[in-house]
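A.B. asks: Please find one structure pasted underneath; my questions will follow.
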Amino acid sequence: MAAAREAFAQGSKALEKTKLKVGFIPITCATPIIMAHPMGFYARHGLEVEVIKTAGWAVIRDKSLNKEYDAAHMLSPMPLAISLGVGSNPIPWTMPAVENINGQAITLAVKHKDKRDPKQWKGFKFAVPFDYSMHNYLLRYYLAEHGIDPDKDVQIRAVPPPEMVANLRADNIDGFLAPDPVNQRTVYDGVGFIHILSKEIWDGHPCCAFSASREFVEAMPNTFRALLKAIIDATAYASKAENRKEIAAAIAPANYLNQPVTVVEQVLTGTYADGLGKVQRVPDRIDFAPFPWHSMAVWILTQMKRWGQIKGDVDYRKVAEQVFLATDAAKAMQEMGLAPPDTTYGKYSVMGKEFDPTRPDAYVNSFDIRKT
Amino acid sequence: MSSLALGAWAVIVSLAILAAFLAFWHLGTQSMGPGAAMDSEYAKLMGATATTGQSAMPGPGQVGHKLWEHLTNPFYDNGPNDKGIGIQLAYSLARVLAGYAIAVTLALPLGFAIGMSPLVYQALDPFIQVLRPISPLAWMPLALYTIKDSGLSAIFVIFICSVWPMLLNTAFGVATVRREWLNVARTLEVGRFRLAFAVILPAAAPTIMTGMRISISIAWLVIVAAEMLVGGTGIGYFVWNEWNNISITNLIIAILAIGVVGMILDQTLGRVARLVTYPE
């Protein structure tokens, strides 16, 4: 009955398709995408969504390109890379919403307990989840700010999150900048400790993205709108601290993250064991904010340029505005009674250094350590 | 020692090896004594390995307990990402049989043709030799990219990896049928078609069956790798999902299940092979 009323209320805006498949990687960054299933956010917007756990970023990209998924959880640099044709054929891709901000960490093996200064890390082997990830760019940024050239002084390899703990235990790597629950799971199993949270590098950095092909956005505008609203709805719910325990219990089971509840709870509530014998309390360890700032896309593009992933001139603003659908997100947020920001560009401070989105090339050239 | 006594002895020795293995396993996974001292609030946030010094490797008791859970409830379905081990094995078997069936329908006639003609045999040999040793993991990205469907890609990879032993063995079996038999057939003016089915096929059948038996083992090896990569369903996905949760207990159970199913597949084809062998 409720569903019928919903359909009636939508009237002319009938959904083109109600049964959707959305892919996700089992990490806490995907919290809104995952929880929207057990907690009924998709159903509330008239959609019957199957959330499908996927083995890795390359697979989620290929399954999205193959249209096996209608939409998917991706790392926020991926829609940019796919649209630019970096690491795959260029296909117009979009990022209608950010999933989470903050929520990552640098974790090191227990044996490096006394090497807390990055200058002591020469020769280390690090893992990041994917080449086109905020993790890669943040780790490189952090190392470079401490005088370590990430291409010469250390090794950085792409390792799927589930394999990171096993690799750290086996001494194949010294540490990683990884999404949770990987960091917390490493601590939980007594293998490593949390060196710093990613918010200490850039407080409020974007991480994962809700993404869809431009084809889907244009061919099924009503379905897309409903799906985006469900995601924004879930994101708003997840951003409230008092809901976090309930969410942790909803997404920890085998069908979703497949992790002990206490591990997920430590990530979401920010009251966690750091692996060094202390209980830390950082309520904004991870947060959820859907607005896809164009300036975030520009920052990501500057780092792709900095590390040689894209060569030649880049029209930063054009790419950012094509891929990050700020207008759609703002409209959906307004319709739901949330307040979107007035502008889509903002300045950031990353490790104390200012980023001005209007001068991206000058920003790239301001770094001594870079690949270009 | 009579043959019956030998069989009985083998069973006893097998059981003794199993018992010794379980005993070592049990002793090897005992608690390593209490872990480092930590306050109670911190300890609550940590896992058993860090707090109680419990071995990260589960003991035989834990695995047995979990195995019982799986065996008593093999077909539960808690949504697309969490299904019972019986359902997962069924998905894997269906994929393996589909890929294998395609491989059989292609390898047997083609192998026959290759075996009948020394020219074709030598011309195709370099291609077969290059394609044969390629790992399923190497095929998978290419398959995903070109076929654009992960389910079909998995079946394709099983096909491409399991086709070669059958193809080679069929060709070899056909090429090495005893000359005398062919000569006798020729003297009797047997037609080409009849020659193939009444003389060559029965003569080459044991070699062909050996190839099919190697192929099914390879297909079963491949499925785990393929499903770990594309995910979704199947025993390979189960392994990946439990790895994600670092649940060694479930990984051991998966390994056991993969071994048992592989053995059943092999034994089944072994029986068929025995039906077509003939005394020289």
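By order of appearance in the structure tokens: chains A, B, ..., then residues from 1 within every chain, and ligands from 1 in the order shown.
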For chain A, report every residue with an atom at most 7 Å from chain B (counting only C-alpha atoms), formatted as a list in words.
C.D. replies: Ile52, Lys53, Thr54, Ala55, Val59, Asp62, Asn66, Pro162, Tyr188, Asp189, Gly190, Ala254, Asn255, Tyr256, Asn258, Gln259, Thr262, Tyr272, Ala273, Gly277, Lys278 and Val279 of chain A
A.B. asks: If we count only C-alpha atoms and set the cut-off at 10 Å, which residues sit around stretch 243-248 of chain A, ignoring sequence neighbours fewer than 6 positions away in its own chain? Please answer as JSON, numbers by chain.
C.D. replies: {"A": [28, 31, 32, 34, 35, 36, 38, 39, 237, 257, 259, 260, 261, 262, 263, 264, 265, 266, 267, 268, 269, 270]}
A.B. asks: Based on the selection just made, write N, CA and C atoms of those residues as a CSV table (one decimal), in the first residue's frame.
C.D. replies:
```csv
chain,number,residue,atom,x,y,z
A,28,THR,N,34.0,0.0,4.9
A,28,THR,CA,33.1,0.9,5.6
A,28,THR,C,32.8,2.1,4.8
A,31,THR,N,29.4,2.4,3.4
A,31,THR,CA,28.3,2.3,4.3
A,31,THR,C,26.9,2.7,3.8
A,32,PRO,N,26.8,4.0,3.2
A,32,PRO,CA,25.4,4.3,2.8
A,32,PRO,C,24.9,3.4,1.7
A,34,ILE,N,25.6,0.2,1.3
A,34,ILE,CA,25.3,-1.1,1.8
A,34,ILE,C,24.0,-1.0,2.7
A,35,MET,N,24.1,0.0,3.7
A,35,MET,CA,23.0,0.0,4.7
A,35,MET,C,21.7,0.3,4.1
A,36,ALA,N,21.7,1.0,2.9
A,36,ALA,CA,20.4,1.4,2.3
A,36,ALA,C,19.6,0.1,2.0
A,38,PRO,N,19.7,-3.2,3.9
A,38,PRO,CA,19.0,-3.8,5.1
A,38,PRO,C,18.1,-2.8,5.8
A,39,MET,N,18.4,-1.5,5.8
A,39,MET,CA,17.7,-0.5,6.5
A,39,MET,C,16.6,0.1,5.7
A,237,TYR,N,21.5,9.9,7.2
A,237,TYR,CA,21.3,9.1,8.4
A,237,TYR,C,22.6,8.7,9.0
A,257,LEU,N,29.6,-6.8,5.0
A,257,LEU,CA,31.0,-6.6,5.2
A,257,LEU,C,31.7,-7.9,5.6
A,259,GLN,N,32.4,-9.0,8.9
A,259,GLN,CA,33.4,-8.7,9.9
A,259,GLN,C,32.8,-8.8,11.2
A,260,PRO,N,33.6,-8.9,12.3
A,260,PRO,CA,33.1,-8.9,13.6
A,260,PRO,C,32.4,-7.5,13.9
A,261,VAL,N,31.3,-7.5,14.6
A,261,VAL,CA,30.6,-6.2,14.8
A,261,VAL,C,31.5,-5.2,15.5
A,262,THR,N,32.2,-5.7,16.5
A,262,THR,CA,33.0,-4.7,17.3
A,262,THR,C,34.0,-4.0,16.4
A,263,VAL,N,34.6,-4.6,15.4
A,263,VAL,CA,35.5,-4.0,14.5
A,263,VAL,C,34.8,-2.8,13.7
A,264,VAL,N,33.6,-3.1,13.1
A,264,VAL,CA,32.9,-2.1,12.4
A,264,VAL,C,32.5,-1.0,13.3
A,265,GLU,N,32.0,-1.4,14.5
A,265,GLU,CA,31.6,-0.4,15.5
A,265,GLU,C,32.7,0.6,15.9
A,266,GLN,N,33.9,0.1,16.0
A,266,GLN,CA,35.1,0.9,16.4
A,266,GLN,C,35.3,1.9,15.3
A,267,VAL,N,35.2,1.5,14.0
A,267,VAL,CA,35.4,2.4,12.9
A,267,VAL,C,34.3,3.5,12.9
A,268,LEU,N,33.1,3.1,13.0
A,268,LEU,CA,32.0,4.0,12.8
A,268,LEU,C,31.8,5.0,14.0
A,269,THR,N,32.1,4.5,15.2
A,269,THR,CA,31.9,5.4,16.4
A,269,THR,C,33.1,6.2,16.7
A,270,GLY,N,34.3,5.7,16.2
A,270,GLY,CA,35.5,6.5,16.5
A,270,GLY,C,36.1,6.3,17.8
```
A.B. asks: Skipping near chain neighbours, those fewer than 4 positions away, what residues fall within 9 Å of B:Ile87 using only C-alpha atoms, listed as a PyMOL selection string?
C.D. replies: chain B and resi 74-77+83+91-92+233-235
A.B. asks: Can I get the selected residues back with N, CA and C atoms, as a compact mmCIF listing (two decimals), in the first residue's frame?
C.D. replies:
```txt
# COMPACT_ATOMS: atom_id res chain seq x y z
N PRO B 74 23.34 -26.70 4.70
CA PRO B 74 24.15 -26.35 3.54
C PRO B 74 23.45 -25.45 2.52
N PHE B 75 22.13 -25.27 2.63
CA PHE B 75 21.42 -24.57 1.55
C PHE B 75 20.73 -23.29 2.01
N TYR B 76 21.25 -22.63 3.08
CA TYR B 76 20.60 -21.40 3.51
C TYR B 76 20.89 -20.29 2.49
N ASP B 77 20.03 -19.28 2.46
CA ASP B 77 20.20 -18.18 1.52
C ASP B 77 19.88 -16.86 2.22
N LYS B 83 25.37 -17.25 0.98
CA LYS B 83 24.59 -18.47 0.74
C LYS B 83 25.33 -19.66 1.33
N TYR B 91 26.70 -23.95 -7.65
CA TYR B 91 27.02 -22.92 -8.65
C TYR B 91 28.33 -23.26 -9.35
N SER B 92 29.34 -23.64 -8.55
CA SER B 92 30.64 -23.95 -9.12
C SER B 92 30.55 -25.15 -10.06
N THR B 233 29.10 -15.72 -6.84
CA THR B 233 28.67 -16.98 -6.27
C THR B 233 29.75 -18.03 -6.52
N GLY B 234 29.57 -19.19 -5.89
CA GLY B 234 30.49 -20.30 -6.13
C GLY B 234 31.45 -20.48 -4.96
N ILE B 235 32.12 -21.64 -4.96
CA ILE B 235 33.00 -21.97 -3.85
C ILE B 235 34.23 -21.05 -3.84
```
A.B. asks: DSSP on the backbone: which residues in stretch 51-219 of chain B end up as alpha helix (DSSP H)? Give the answer as a VMD selection string.
C.D. replies: chain B and resid 51 to 52 60 to 72 85 to 116 118 to 131 136 to 147 150 to 175 179 to 187 192 to 194 201 to 219
